[in-house]
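Chemist: Have a look at this one before I ask anything.
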Amino acid sequence: MGPAGSGKSTFCSVALEYYRNAKRSVHLMNLDPAAEKFEYSPSIDIRDLITLEDVMEELDYGPNGGLLYCFEFLMENIDWLEEQIGEYTDDYLIIDCPGQIELYTHIPIMRKFCDILKTSFNFNIVGVYCLESQFVEDVTKYFSGVMSATSSMFNLELPQINVMTKMDLIPESQRADLENETSPKYFMLNKAISSLINEFSMVSFIPLDITDEDSVAYVLSHADNAIQFGEDEEPKEPIDDMDDGQEE
Ligand SMILES: Nc1nc2c(ncn2[C@@H]2O[C@H](COP(=O)(O)OP(=O)(O)OP(=O)(O)O)[C@@H](O)[C@H]2O)c(=O)[nH]1
Ligand SMILES: [Mg+2]
C-alpha cells in the first residue's frame, strides 16, 4: 500500500520475480478496481469481480465513493475470493493495493479485508507501506508521509514495514533539514513529534533500489520475518550435514 504513484505495482512485480527465481510458490492479486495495466499478469484480479469504471457508470458514483463501493461489494462476495484463493492457502500471496491512502489511514475497509484474510483464510499478513524517495528531498512532504505510514500502522494493526521506494533516483548526498524548511511557528511541534517517533522507534523506512538485487532481498527479508515465513517448516537434518563434514 501507499500513496498514488509511490511504486506499489512496480514493487509487487519485482517481488513476484524475486520469489519466482527463489522457487517459492507465489501469486499476485490485483486489489485495485481502477487499475488499467501493469507489468505483471495477476493470478487474482478484483476487476474480474467488479471494476470502478462500471460502478461509476452504472451507479453514477464519483471515483472515491465508487472505490468504497467496490470494496464493500468484495466483502459481500467473499465467496468469489474464496474460490479464487482456492488452493493458494499455503502459498505466498502478494496483494497490489490502490493508491487512495484513506483506505489505510482511516476508513475501516482495508482492515476488514485483512481480518477476513487472517481469520477465514488463515494468512499471516505483513503490510508494506511504500513512500517514494522524492519525499526525502522535501522534508515537509517526508513528515506527512511518515504520519500517513504511522496512521496506517495504527489503523490496520498489522505488522508493517515501511519502504522508501525509487532510491535509484536519489543521489546519496541529498539530505534535508527539518528546521530550515518549516516555519519557526511549528518548530516545537515538529520537534515533539519527531522525538516521539524516534524514541519509540515507531516508524523507520527501509530503502529500496529495485536495480540492486541485494536491496530487494533485504526488503523482502524484513517481510518474511514479519510473517514468520518458513518457521513452520521442518528443520533440516543437521546429522547428515555433520556426517558429510566429518567424512571430508
Ligand atoms: N526510477 C524508478 N521509477 C519507479 C520505481 N518504481 C516505480 N517507478 C515509476 O513510478 C511510476 C509509478 O509506479 P507504479 O509502480 O505504477 O506506482 P503505484 O504506486 O502502483 O501507482 P498507483 O497504483 O497508480 O497508485 C511509474 O512510472 C514507474 O515506472 C523505481 O523503483 N525507480
Ligand atoms: Mg499500482
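Here's how to read the names in the C-alpha cells: chain A, B, ... by the order shown, residue numbers from 1 in each chain, ligand numbers from 1 in the order shown.
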Give me, as a list in words, the set of residues whose atoms come within 7 Å of any atom of ligand 1, counting only C-alpha atoms and all ligand atoms.

Modeler: Gly2, Pro3, Ala4, Gly5, Ser6, Gly7, Lys8, Ser9, Thr10, Phe11, Ala35, Pro98, Gly99, Thr165, Lys166, Met167, Asp168, Leu169, Asp209 and Ile210 of chain A

Chemist: Need the shell around Trp80 (chain A): protein/DNA/RNA residues with any atom at most 9 Å away, counting only C-alpha atoms. Skip same-chain ones fewer than 5 positions apart. Format as a PyMOL selection string?

Modeler: chain A and resi 49+74+85

Chemist: How about saving the chosen residues, N, CA and C atoms kept, as a short mmCIF file (atom, residue, chain, number, x, y, z; two decimals), in the first residue's frame?

Modeler:
data_model
loop_
_atom_site.label_atom_id
_atom_site.label_comp_id
_atom_site.auth_asym_id
_atom_site.auth_seq_id
_atom_site.Cartn_x
_atom_site.Cartn_y
_atom_site.Cartn_z
N LEU A 49 -14.24 -9.35 -10.77
CA LEU A 49 -15.49 -9.28 -10.00
C LEU A 49 -16.21 -7.97 -10.24
N LEU A 74 -16.86 -6.43 -2.68
CA LEU A 74 -15.94 -7.57 -2.49
C LEU A 74 -16.23 -8.29 -1.18
N ILE A 85 -8.90 -17.85 -4.29
CA ILE A 85 -7.74 -18.21 -3.46
C ILE A 85 -7.58 -19.73 -3.45
#

Chemist: I'd like the contact shell of Ser120 (chain A) - 12 Å cut-off, only C-alpha atoms, skipping same-chain residues fewer than 2 positions apart - returned as an MDAnalysis selection string.

Modeler: chainID A and resid 78:79 81:82 85 89 112:118 122:124

Chemist: One decimal, in Å: what's the spacing between CA of Met147 (chain A) and CA of Leu68 (chain A)?

Modeler: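 Computed distance, CA of Met147 (chain A) to CA of Leu68 (chain A), equals 22.7 Å.
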
Chemist: May I ask which of the residues A:Met188, A:Ile50, A:Ile206, A:Val26 is the closest one to Val128 (chain A), counting only C-alpha atoms?

Modeler: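 Counting only C-alpha atoms, the residue closest to Val128 (chain A) is A:Ile206.
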
Chemist: Let's see if you can do this: from backbone DSSP, list all strand (DSSP E or B) residues in region 21-202 of chain A, as a CSV table (one decimal) with C-alpha atoms, in the first residue's frame.

Modeler:
chain,number,residue,atom,x,y,z
A,26,VAL,CA,3.9,-17.2,-5.2
A,27,HIS,CA,0.9,-15.5,-6.6
A,28,LEU,CA,-0.1,-11.9,-7.2
A,29,MET,CA,-3.5,-10.4,-6.7
A,30,ASN,CA,-4.6,-7.0,-8.0
A,44,ILE,CA,-6.4,-13.0,-9.0
A,45,ASP,CA,-7.9,-9.7,-10.1
A,92,TYR,CA,2.7,-16.7,-0.7
A,93,LEU,CA,0.2,-14.0,-2.0
A,94,ILE,CA,1.3,-10.5,-3.0
A,95,ILE,CA,-1.6,-8.1,-3.0
A,96,ASP,CA,-1.2,-4.9,-5.0
A,127,GLY,CA,1.6,-4.6,5.4
A,128,VAL,CA,4.2,-2.9,3.2
A,129,TYR,CA,3.8,0.8,3.1
A,130,CYS,CA,5.6,2.4,0.1
A,131,LEU,CA,6.7,6.0,0.2
A,132,GLU,CA,8.7,7.4,-2.7
A,160,GLN,CA,4.1,-3.2,8.9
A,161,ILE,CA,7.3,-2.4,7.1
A,162,ASN,CA,7.8,1.0,5.5
A,163,VAL,CA,9.7,1.1,2.3
A,164,MET,CA,11.4,4.1,0.7
A,165,THR,CA,10.9,3.3,-3.0

Chemist: I need the alpha helix (DSSP H) residues of region 13-216 of chain A per DSSP on the backbone, written as a ChimeraX atom specification.

Modeler: /A:13-21,52-59,63-76,78-85,102-105,109-119,134-137,139-156,178-181,187-199,213-216

Chemist: Please list as a count of residues only every residue within 8 Å of Ile227 (chain A), counting only C-alpha atoms and excluding residues in the same chain fewer than 5 positions away.

Modeler: 4
